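Visitor: Here you go, this is entry08.cif (mmCIF, C-alpha atoms).
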data_data
#
loop_
_atom_site.label_atom_id
_atom_site.label_comp_id
_atom_site.auth_asym_id
_atom_site.auth_seq_id
_atom_site.Cartn_x
_atom_site.Cartn_y
_atom_site.Cartn_z
CA MET A 90 -4.43 -39.13 -37.22
CA LYS A 91 -5.40 -35.52 -37.21
CA PRO A 92 -4.27 -33.55 -34.16
CA ALA A 93 -6.98 -31.70 -32.28
CA ALA A 94 -5.09 -28.41 -31.97
CA PRO A 95 -5.81 -26.86 -35.41
CA SER A 96 -9.56 -27.26 -35.10
CA LEU A 97 -9.39 -25.97 -31.55
CA GLU A 98 -7.48 -22.91 -32.73
CA ALA A 99 -10.04 -22.31 -35.47
CA THR A 100 -12.85 -22.56 -32.93
CA ILE A 101 -11.11 -20.13 -30.59
CA ALA A 102 -10.37 -17.75 -33.46
CA ARG A 103 -14.07 -17.70 -34.34
CA LEU A 104 -15.04 -17.17 -30.73
CA LEU A 105 -12.65 -14.23 -30.35
CA THR A 106 -13.80 -12.60 -33.56
CA VAL A 107 -17.52 -13.01 -32.90
CA GLY A 108 -17.19 -12.04 -29.22
CA THR A 109 -15.15 -8.93 -29.95
CA TYR A 110 -17.29 -7.69 -32.83
CA ALA A 111 -20.57 -8.34 -31.00
CA SER A 112 -19.30 -6.60 -27.88
CA ILE A 113 -17.91 -3.56 -29.65
CA GLY A 114 -21.18 -3.43 -31.61
CA LEU A 115 -23.11 -3.11 -28.34
CA VAL A 116 -20.70 -0.45 -27.10
CA GLY A 117 -21.16 1.32 -30.44
CA VAL A 118 -24.96 1.33 -30.10
CA GLY A 119 -24.68 2.70 -26.58
CA THR A 120 -22.25 5.38 -27.72
CA VAL A 121 -24.55 6.49 -30.54
CA LEU A 122 -27.47 6.66 -28.09
CA LEU A 123 -25.31 8.63 -25.64
CA LEU A 124 -24.19 11.16 -28.21
CA ALA A 125 -27.62 11.38 -29.85
CA ALA A 126 -29.11 12.28 -26.48
CA GLY A 127 -26.71 15.21 -26.34
CA ARG A 128 -24.98 13.85 -23.25
CA SER A 129 -21.29 14.29 -22.60
CA PRO A 130 -19.08 11.29 -21.84
CA LEU A 131 -17.76 13.36 -18.96
CA ASP A 132 -21.20 13.40 -17.31
CA PRO A 133 -21.44 11.17 -14.23
CA ALA A 134 -22.05 7.63 -15.44
CA PRO A 135 -24.07 5.01 -13.60
CA ASP A 136 -22.11 2.26 -11.86
CA LEU A 137 -22.48 -1.27 -13.11
CA ASP A 138 -25.69 -2.73 -11.70
CA LEU A 139 -26.50 -6.13 -13.15
CA GLY A 140 -30.08 -5.82 -11.96
CA ARG A 141 -30.58 -2.70 -14.07
CA LEU A 142 -29.00 -4.11 -17.21
CA VAL A 143 -32.13 -5.59 -18.80
CA PRO A 144 -34.45 -2.65 -17.92
CA ASP A 145 -31.82 -0.24 -19.28
CA LEU A 146 -31.55 -2.24 -22.51
CA LEU A 147 -35.31 -2.41 -22.94
CA SER A 148 -35.70 1.31 -22.36
CA GLY A 149 -32.83 2.16 -24.73
CA GLN A 150 -30.55 3.62 -22.07
CA PRO A 151 -26.98 4.09 -23.38
CA ALA A 152 -25.46 2.80 -20.15
CA GLY A 153 -27.18 -0.56 -20.55
CA PHE A 154 -25.70 -1.17 -24.01
CA ILE A 155 -22.25 0.10 -23.10
CA TRP A 156 -22.07 -1.92 -19.88
CA LEU A 157 -23.22 -5.09 -21.64
CA GLY A 158 -20.62 -4.50 -24.36
CA ILE A 159 -17.87 -3.93 -21.80
CA LEU A 160 -18.87 -7.10 -19.96
CA GLY A 161 -18.72 -8.97 -23.28
CA ILE A 162 -15.31 -7.50 -24.06
CA ILE A 163 -13.94 -8.55 -20.68
CA ALA A 164 -15.61 -11.98 -20.75
CA THR A 165 -14.48 -12.98 -24.25
CA PRO A 166 -10.86 -13.86 -23.31
CA ALA A 167 -12.10 -15.95 -20.37
CA ALA A 168 -14.52 -17.73 -22.69
CA ARG A 169 -11.54 -18.44 -24.94
CA VAL A 170 -9.71 -20.12 -22.05
CA LEU A 171 -12.80 -22.15 -21.16
CA THR A 172 -13.11 -23.30 -24.77
CA ALA A 173 -9.44 -24.26 -24.78
CA LEU A 174 -9.91 -26.23 -21.57
CA VAL A 175 -12.73 -28.24 -23.12
CA GLY A 176 -10.73 -28.76 -26.33
CA TYR A 177 -7.60 -29.93 -24.53
CA ARG A 178 -9.65 -32.22 -22.33
CA ARG A 179 -11.12 -33.86 -25.42
CA SER A 180 -7.67 -34.34 -26.93
CA GLY A 181 -6.32 -35.73 -23.65
CA GLU A 182 -3.72 -33.02 -22.99
CA ARG A 183 -3.85 -33.11 -19.24
CA THR A 184 -1.14 -30.51 -18.63
CA MET A 185 -2.87 -27.95 -20.82
CA VAL A 186 -6.18 -28.68 -19.09
CA LEU A 187 -4.48 -27.87 -15.78
CA VAL A 188 -2.97 -24.69 -17.25
CA ALA A 189 -6.35 -23.54 -18.55
CA ALA A 190 -8.02 -24.37 -15.24
CA ALA A 191 -5.33 -22.44 -13.37
CA ILE A 192 -5.91 -19.37 -15.56
CA LEU A 193 -9.62 -19.49 -14.77
CA VAL A 194 -8.79 -19.74 -11.06
CA VAL A 195 -6.59 -16.63 -11.35
CA ILE A 196 -9.39 -14.78 -13.15
CA ALA A 197 -11.71 -15.80 -10.32
CA ALA A 198 -9.09 -14.46 -7.90
CA GLY A 199 -9.32 -11.17 -9.80
CA VAL A 200 -13.07 -11.13 -9.19
CA VAL A 201 -12.53 -11.83 -5.49
CA THR A 202 -9.81 -9.17 -5.24
CA GLY A 203 -11.96 -6.57 -6.99
CA THR A 204 -15.03 -7.41 -4.91
CA ALA A 205 -13.19 -7.55 -1.60
CA THR A 206 -11.36 -4.29 -2.09
CA GLY A 207 -14.02 -2.48 -4.08
CA MET B 142 -21.86 16.10 -27.91
CA ASP B 143 -18.66 17.92 -28.84
CA VAL B 144 -16.73 16.19 -26.11
CA GLY B 145 -18.10 12.84 -27.25
CA LEU B 146 -17.10 13.42 -30.85
CA LEU B 147 -13.69 14.65 -29.78
CA MET B 148 -13.23 11.50 -27.70
CA LEU B 149 -14.33 9.36 -30.64
CA ALA B 150 -11.99 11.22 -33.01
CA GLY B 151 -9.14 10.97 -30.52
CA GLY B 152 -9.79 7.25 -30.19
CA ILE B 153 -9.67 6.89 -33.97
CA ALA B 154 -6.43 8.87 -34.13
CA THR B 155 -4.75 6.83 -31.39
CA GLY B 156 -5.99 3.64 -33.04
CA ILE B 157 -4.56 4.66 -36.43
CA PHE B 158 -1.23 5.83 -35.03
CA GLY B 159 -0.93 2.82 -32.76
CA SER B 160 -1.64 0.51 -35.63
CA LEU B 161 0.71 2.25 -38.09
CA LEU B 162 3.57 2.38 -35.63
CA GLY B 163 3.09 -1.00 -34.05
CA LEU B 164 2.14 0.35 -30.66
CA GLY B 165 -0.59 -0.84 -28.40
CA GLY B 166 -3.46 1.49 -27.74
CA GLY B 167 -2.73 1.95 -24.06
CA ILE B 168 0.43 3.94 -24.47
CA LEU B 169 -1.56 6.58 -26.36
CA ILE B 170 -4.99 6.35 -24.77
CA VAL B 171 -3.92 7.01 -21.19
CA PRO B 172 -2.11 10.30 -21.96
CA PHE B 173 -4.91 11.29 -24.36
CA LEU B 174 -7.62 10.91 -21.74
CA THR B 175 -5.49 12.32 -18.97
CA LEU B 176 -4.02 15.34 -20.69
CA VAL B 177 -6.89 16.29 -23.02
CA PHE B 178 -9.91 15.55 -20.83
CA GLY B 179 -8.32 15.80 -17.40
CA LEU B 180 -9.29 12.29 -16.35
CA PRO B 181 -7.46 10.80 -13.37
CA VAL B 182 -4.70 8.45 -14.54
CA ARG B 183 -6.31 5.47 -12.84
CA GLU B 184 -9.62 6.06 -14.60
CA ALA B 185 -7.82 6.44 -17.92
CA VAL B 186 -6.00 3.17 -17.28
CA GLY B 187 -9.34 1.39 -16.72
CA VAL B 188 -10.70 2.68 -20.04
CA SER B 189 -7.43 1.87 -21.78
CA LEU B 190 -7.59 -1.74 -20.61
CA VAL B 191 -11.01 -2.12 -22.27
CA CYS B 192 -9.61 -0.66 -25.52
CA VAL B 193 -6.58 -2.94 -25.38
CA ILE B 194 -8.77 -6.05 -25.03
CA VAL B 195 -10.86 -4.97 -28.03
CA THR B 196 -7.92 -4.45 -30.38
CA SER B 197 -6.21 -7.59 -29.13
CA GLY B 198 -9.34 -9.72 -29.55
CA ALA B 199 -9.93 -8.63 -33.12
CA SER B 200 -6.39 -9.37 -34.23
CA ALA B 201 -5.80 -12.48 -32.09
CA GLY B 202 -8.58 -14.26 -33.93
CA VAL B 203 -6.89 -13.58 -37.24
CA TYR B 204 -3.45 -14.58 -35.95
CA LEU B 205 -4.84 -17.87 -34.65
CA GLN B 206 -6.64 -18.57 -37.90
CA ARG B 207 -3.40 -17.98 -39.80
CA ASN B 208 -1.59 -20.23 -37.37
CA VAL B 209 0.88 -17.52 -36.41
CA ALA B 210 0.11 -17.42 -32.68
CA ASN B 211 1.27 -20.30 -30.47
CA LEU B 212 -1.79 -21.11 -28.38
CA ARG B 213 -0.12 -23.53 -25.98
CA LEU B 214 2.83 -21.27 -25.21
CA GLY B 215 0.51 -18.27 -24.92
CA MET B 216 -1.69 -20.05 -22.40
CA VAL B 217 1.22 -21.18 -20.26
CA LEU B 218 2.69 -17.68 -20.14
CA GLU B 219 -0.63 -15.90 -19.68
CA LEU B 220 -1.14 -17.84 -16.49
CA PHE B 221 1.69 -15.70 -15.13
CA THR B 222 0.61 -12.45 -16.78
CA ALA B 223 -2.82 -13.00 -15.22
CA ILE B 224 -1.29 -13.46 -11.76
CA GLY B 225 0.71 -10.28 -12.32
CA ALA B 226 -2.41 -8.49 -13.53
CA VAL B 227 -4.37 -9.33 -10.36
CA ALA B 228 -1.48 -8.11 -8.23
CA GLY B 229 -0.99 -4.99 -10.37
CA GLY B 230 -4.72 -4.24 -10.35
CA ALA B 231 -4.74 -4.34 -6.56
CA ILE B 232 -1.54 -2.28 -6.26
CA ALA B 233 -2.79 0.36 -8.73
CA PHE B 234 -5.48 1.48 -6.30
CA LEU B 235 -2.95 1.89 -3.52
CA LEU B 236 -0.56 4.09 -5.49
CA ASP B 237 -0.71 7.83 -5.65
CA GLU B 238 -2.01 9.28 -8.94
CA ARG B 239 1.16 11.29 -9.33
CA LEU B 240 3.33 8.21 -8.99
CA LEU B 241 1.28 6.51 -11.71
CA ALA B 242 1.71 9.56 -13.94
CA GLY B 243 5.46 9.47 -13.26
CA LEU B 244 5.67 5.78 -14.11
CA PHE B 245 3.80 6.45 -17.32
CA ALA B 246 6.13 9.29 -18.23
CA GLY B 247 9.06 6.90 -17.78
CA LEU B 248 7.36 4.35 -20.01
CA LEU B 249 6.81 6.97 -22.72
CA VAL B 250 10.47 7.98 -22.66
CA TYR B 251 11.53 4.35 -22.90
CA VAL B 252 9.22 3.74 -25.88
CA ALA B 253 10.39 6.95 -27.57
CA LEU B 254 14.05 5.97 -27.20
CA THR B 255 13.40 2.43 -28.38
CA MET B 256 11.48 3.72 -31.38
CA LEU B 257 14.17 6.26 -32.20
CA ARG B 258 16.89 3.62 -32.05
CA ARG B 259 14.86 1.35 -34.29
CA ALA B 260 14.08 4.15 -36.73
CA THR B 261 17.74 4.99 -37.17
CA ALA B 262 18.91 1.38 -37.25
CA SER B 263 16.30 -0.25 -39.45
CA PRO B 264 14.17 2.09 -41.54
CA SER B 265 12.13 -0.71 -43.04
CA SER B 266 10.84 -2.06 -39.78
CA ASP B 267 7.24 -1.23 -39.01
CA ALA B 268 6.89 -2.38 -35.49
CA LEU B 269 8.25 -1.27 -32.21
CA PRO B 270 10.87 -3.81 -31.23
CA GLY B 271 9.45 -5.92 -28.53
CA GLY B 272 6.55 -3.62 -28.59
CA GLU B 273 2.90 -4.04 -29.16
CA ALA B 274 2.67 -4.56 -32.82
CA ASP B 275 0.26 -6.99 -31.37
CA ALA B 276 -2.49 -4.64 -30.47
CA SER B 277 -3.65 -3.77 -33.95
CA PRO B 278 -5.90 -5.96 -36.01
CA PRO B 279 -3.84 -7.33 -38.88
CA PRO B 280 -4.96 -6.61 -42.44
CA PRO B 281 -7.99 -8.66 -43.36
CA SER B 282 -6.58 -10.00 -46.59
CA PRO B 283 -4.51 -13.15 -46.30
CA MET B 284 -0.82 -12.50 -46.54
CA PRO B 285 2.06 -14.88 -46.83
CA VAL B 286 2.79 -16.26 -43.43
CA GLU B 287 5.08 -18.97 -42.20
CA ARG B 288 2.02 -21.12 -41.63
CA ALA B 289 3.76 -23.82 -39.71
CA SER B 290 5.77 -21.46 -37.57
CA ALA B 291 3.47 -21.35 -34.57
CA ALA B 292 1.87 -24.75 -34.62
CA PRO B 293 3.36 -27.16 -32.15
CA ALA B 294 5.78 -29.63 -33.65
CA THR B 295 4.01 -32.50 -32.02
CA THR B 296 1.45 -33.36 -29.41
CA GLN B 297 3.85 -36.04 -28.18
CA GLY B 298 7.23 -35.63 -26.50
CA THR B 299 8.08 -33.46 -23.52
CA PHE B 300 6.03 -30.51 -22.40
CA MET B 301 8.66 -28.15 -23.79
CA ASP B 302 8.44 -29.95 -27.13
CA ARG B 303 4.71 -29.42 -27.22
CA LEU B 304 5.16 -25.73 -26.52
CA SER B 305 7.71 -25.39 -29.33
CA GLY B 306 7.06 -25.00 -33.03
CA PRO B 307 8.20 -27.25 -35.85
CA ASP B 308 11.03 -24.89 -36.73
CA TYR B 309 11.98 -23.60 -33.32
CA GLN B 310 12.59 -24.98 -29.87
CA ILE B 311 11.78 -22.84 -26.89
CA GLY B 312 13.85 -22.66 -23.72
CA ARG B 313 14.11 -20.82 -20.41
CA LEU B 314 10.47 -21.22 -19.51
CA ARG B 315 11.08 -20.02 -15.94
CA THR B 316 12.57 -16.75 -17.15
CA GLY B 317 9.68 -16.40 -19.57
CA ALA B 318 7.24 -16.94 -16.72
CA ALA B 319 9.00 -14.31 -14.58
CA GLY B 320 8.95 -11.84 -17.48
CA SER B 321 5.26 -12.54 -18.04
CA LEU B 322 4.52 -11.93 -14.39
CA PHE B 323 6.24 -8.56 -14.62
CA ALA B 324 4.38 -7.78 -17.87
CA GLY B 325 1.08 -8.45 -16.10
CA VAL B 326 1.90 -6.04 -13.28
CA VAL B 327 2.98 -3.32 -15.74
CA SER B 328 -0.14 -3.88 -17.82
CA ALA B 329 -2.45 -3.49 -14.86
CA LEU B 330 -0.64 -0.45 -13.48
CA LEU B 331 -0.38 1.48 -16.73
CA GLY B 332 -3.22 0.14 -18.88
CA ILE B 333 -1.03 -1.22 -21.64
CA GLY B 334 -1.01 -4.65 -23.23
CA GLY B 335 2.40 -5.52 -21.87
CA GLY B 336 3.77 -6.64 -25.24
CA ILE B 337 6.65 -4.28 -24.67
CA VAL B 338 7.90 -6.79 -22.08
CA LYS B 339 6.49 -10.06 -23.40
CA VAL B 340 7.75 -9.90 -26.97
CA PRO B 341 11.44 -9.35 -26.09
CA VAL B 342 11.25 -12.02 -23.39
CA MET B 343 9.80 -14.58 -25.79
CA ASN B 344 11.99 -13.58 -28.71
CA LEU B 345 15.35 -12.88 -27.09
CA VAL B 346 15.20 -15.10 -24.02
CA MET B 347 13.01 -18.04 -24.99
CA GLY B 348 13.98 -18.31 -28.64
CA VAL B 349 10.54 -17.76 -30.14
CA PRO B 350 10.65 -16.23 -33.66
CA LEU B 351 9.68 -12.54 -33.57
CA ARG B 352 6.59 -12.96 -35.69
CA VAL B 353 5.27 -15.78 -33.51
CA ALA B 354 6.25 -13.91 -30.33
CA THR B 355 4.33 -10.82 -31.47
CA ALA B 356 1.22 -12.79 -32.40
CA THR B 357 1.36 -14.89 -29.23
CA SER B 358 1.80 -11.79 -27.09
CA ASN B 359 -1.26 -10.35 -28.78
CA LEU B 360 -3.26 -13.43 -27.87
CA MET B 361 -2.07 -13.17 -24.26
CA ILE B 362 -3.06 -9.52 -23.98
CA GLY B 363 -6.73 -10.49 -23.85
CA ILE B 364 -6.34 -12.45 -20.61
CA THR B 365 -3.76 -10.06 -19.15
CA ALA B 366 -5.88 -6.96 -19.70
CA SER B 367 -9.23 -8.58 -18.91
CA THR B 368 -7.97 -9.92 -15.58
CA SER B 369 -6.88 -6.46 -14.49
CA ALA B 370 -9.99 -4.91 -16.08
CA ILE B 371 -12.11 -7.11 -13.80
CA VAL B 372 -10.38 -5.62 -10.75
CA TYR B 373 -10.86 -2.10 -12.15
CA LEU B 374 -14.50 -2.81 -13.04
CA LEU B 375 -15.40 -4.12 -9.61
CA ARG B 376 -13.64 -1.21 -7.92
CA GLY B 377 -15.55 1.32 -10.02
CA GLY B 378 -12.48 2.17 -12.06
CA ILE B 379 -14.12 1.98 -15.50
CA ASP B 380 -16.30 4.84 -16.68
CA PRO B 381 -18.69 3.43 -19.31
CA PHE B 382 -19.43 6.82 -20.88
CA VAL B 383 -15.74 7.50 -21.46
CA ALA B 384 -15.01 3.90 -22.45
CA GLY B 385 -17.78 3.88 -25.09
CA PRO B 386 -16.58 6.49 -27.60
CA THR B 387 -12.92 5.81 -26.87
CA ALA B 388 -13.14 2.05 -27.44
CA VAL B 389 -15.24 2.44 -30.59
CA GLY B 390 -12.80 5.06 -31.90
CA VAL B 391 -9.74 2.95 -31.17
CA PHE B 392 -11.33 -0.07 -32.83
CA ILE B 393 -12.18 1.91 -35.97
CA GLY B 394 -8.75 3.57 -36.00
CA ALA B 395 -6.82 0.34 -35.52
CA THR B 396 -8.79 -1.29 -38.33
CA LEU B 397 -8.17 1.66 -40.66
CA GLY B 398 -4.49 1.79 -39.70
CA SER B 399 -3.90 -1.88 -40.37
CA ARG B 400 -5.43 -1.50 -43.83
CA THR B 401 -3.30 1.50 -44.77
CA ALA B 402 0.00 0.66 -43.06
CA HIS B 403 1.56 -0.83 -46.19
CA ARG B 404 0.88 2.34 -48.22
CA ILE B 405 2.56 4.77 -45.86
CA ASP B 406 6.23 5.63 -45.44
CA LEU B 407 6.53 5.10 -41.72
CA ARG B 408 10.02 6.55 -41.29
CA VAL B 409 8.97 10.19 -41.18
CA LEU B 410 5.88 9.29 -39.20
CA ARG B 411 8.03 7.49 -36.66
CA PHE B 412 10.31 10.47 -36.09
CA LEU B 413 7.28 12.71 -35.74
CA PHE B 414 5.79 10.31 -33.29
CA VAL B 415 8.95 10.21 -31.19
CA ALA B 416 8.56 13.96 -30.78
CA VAL B 417 4.92 13.48 -29.75
CA LEU B 418 5.92 10.82 -27.22
CA VAL B 419 8.63 13.02 -25.72
CA TYR B 420 6.22 15.95 -25.43
CA THR B 421 3.59 13.68 -23.87
CA ALA B 422 6.16 12.29 -21.45
CA PHE B 423 7.03 15.85 -20.45
CA GLU B 424 3.37 16.67 -19.80
CA MET B 425 2.86 13.47 -17.81
CA ALA B 426 5.98 14.25 -15.81
CA ARG B 427 4.58 17.73 -15.08
CA ARG B 428 1.41 16.08 -13.89
CA ALA B 429 3.45 13.76 -11.72
CA ALA B 430 5.19 16.79 -10.27
CA GLY B 431 1.84 18.24 -9.35
CA ALA B 432 1.37 20.75 -12.17
CA THR B 433 -2.05 21.03 -13.81
CA ALA B 434 -1.84 19.46 -17.25
#
Show this structure as structure tokens.
Guide:
Amino acid sequence: MKPAAPSLEATIARLLTVGTYASIGLVGVGTVLLLAAGRSPLDPAPDLDLGRLVPDLLSGQPAGFIWLGILGIIATPAARVLTALVGYRRSGERTMVLVAAAILVVIAAGVVTGTATG
Amino acid sequence: MDVGLLMLAGGIATGIFGSLLGLGGGILIVPFLTLVFGLPVREAVGVSLVCVIVTSGASAGVYLQRNVANLRLGMVLELFTAIGAVAGGAIAFLLDERLLAGLFAGLLVYVALTMLRRATASPSSDALPGGEADASPPPPSPMPVERASAAPATTQGTFMDRLSGPDYQIGRLRTGAAGSLFAGVVSALLGIGGGIVKVPVMNLVMGVPLRVATATSNLMIGITASTSAIVYLLRGGIDPFVAGPTAVGVFIGATLGSRTAHRIDLRVLRFLFVAVLVYTAFEMARRAAGATA
């Protein structure tokens, strides 16, 4: 009987690696565009506006790439927890499923806290 | 353009130094952005959190693949670091900038003293004791690791058994949870990974081997820092233009540092770095006292 944990850890490892590299790649593209445009990082930067993300990306705006990369960076750990939740559910580890679910609830609480006080 | 390149170069330098000396990025990035570019501490903390997640994510994947990090234990403890991070993220926006700078100065002094003690006691050690050796991507080439050290001994037995490894049994989970909660608050307030708290708690209190504790702490940093980063992001506390070059620089630097660490005599570097930390602490303390940095 092969325990589920090793394959779950391999899956999570892959997710972390791909998520981190893809996200930092996007931030890198945005940074190159920013510097190539002769703009200073100390210039006023646009706030995060999800509605502007796609238009900014399509028009090659640095902010679009950097914001998407930052969102990816922040979302990758949460995606790791979600993947673990699914993996533990498959292997029948109820306590770990509850732990993973609780972490996601706390992350959601972070969203609520940030939104409510922002 | 010059400012951007300077930020990128500074990010690379902090990434290399952090990686070589076993420090997380945050302890260097916050003073760098605050003292060199005059950013408010809170804004620097927001950027630092992004950098910390990046370096943690890159190395956590490798640690998991090598079976060094204990996923179950990490997830249980990160539940508490995440709670602490939400609380710390909310508190950070209520505190005065000067108080934050003062807290950071205290942290720098603590790290400098710890590093100095370690340097004089054990010249061969690379990492800050209980520090954030965790925040640097490990070398890409496989190295001999106690492969079974982090994997749970069994999926049967008690919950504590499942959190333990085949060659170690963990204990004092409540104390570990309390320490993790505190680590989360510190991380959110100061923009560090929190390994400086988590590693000693796991290693000295819970009985987790140092190598596993360091790798597991690294894994936990992702959730700790991203939870507080969410609060910072939604409160407008992350500047994308500053975060871009800094995060890319830190990522490059940490990667370079991890590849060259084994070729460098770290003893001299460590003493030099203690001096840098003390100077930086002094400057942060001046800022806390209201002087212009």
Visitor: Evaluate the PyMOL selection byres ((chain B) within 6 of (chain A)) here and jot the selected residues down as an MDAnalysis selection string.
Guide: chainID B and resid 142 145 198:199 202 205:206 220 227 363:364 367:368 372 375:376 382:383 385:386
Visitor: What is the atom CA of Gly149 of chain A to atom CA of Leu122 of chain A distance in Å?
Guide: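 The value is 7.8 Å.
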Visitor: Using only C-alpha atoms, determine which residues lie at most 9 Å from Ala429 of chain B, disregarding the query and same-chain residues fewer than 4 positions distant; provide the list as an mmCIF file with C-alpha atoms, in the frame of the given file.
Guide:
data_model
loop_
_atom_site.group_PDB
_atom_site.id
_atom_site.type_symbol
_atom_site.label_atom_id
_atom_site.label_comp_id
_atom_site.auth_asym_id
_atom_site.auth_seq_id
_atom_site.Cartn_x
_atom_site.Cartn_y
_atom_site.Cartn_z
ATOM 1 C CA GLU B 238 -2.010 9.280 -8.940
ATOM 2 C CA ARG B 239 1.160 11.290 -9.330
ATOM 3 C CA LEU B 240 3.330 8.210 -8.990
ATOM 4 C CA LEU B 241 1.280 6.510 -11.710
ATOM 5 C CA ALA B 242 1.710 9.560 -13.940
ATOM 6 C CA GLY B 243 5.460 9.470 -13.260
ATOM 7 C CA LEU B 244 5.670 5.780 -14.110
ATOM 8 C CA ALA B 246 6.130 9.290 -18.230
ATOM 9 C CA GLU B 424 3.370 16.670 -19.800
ATOM 10 C CA MET B 425 2.860 13.470 -17.810
#
Visitor: Could you tell me how far atom CA of Phe392 of chain B sits from atom CA of Val186 of chain B, in Å to one decimal place?
Guide: 16.8 Å
Visitor: Kindly indicate which residue among B:Leu176, B:Cys192, B:Val209, B:Ile153 lies nearest to Pro350 of chain B, using all atoms listed in the file for the distances.
Guide: B:Val209
Visitor: Please evaluate the PyMOL selection byres ((chain B and resi 406-420) around 7) against the structure above and give the resulting residues as a list in words.
Guide: Leu162, Leu249, Val250, Ala253, Met256, Leu257, Ala260, Pro264, Asp267, Arg404, Ile405, Thr421, Ala422, Phe423 and Glu424 of chain B
Visitor: Atom CA of Ile224 of chain B to atom CA of Tyr373 of chain B: how many Å, to one decimal?
Guide: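 These atoms are spaced 14.9 Å apart.
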Visitor: Between B:Pro172, B:Gly312, B:Gly187, B:Gly348, single out the one closest to Gly332 of chain B, counting only C-alpha atoms.
Guide: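 Checking each candidate against Gly332 of chain B, we get B:Gly187 as the closest.
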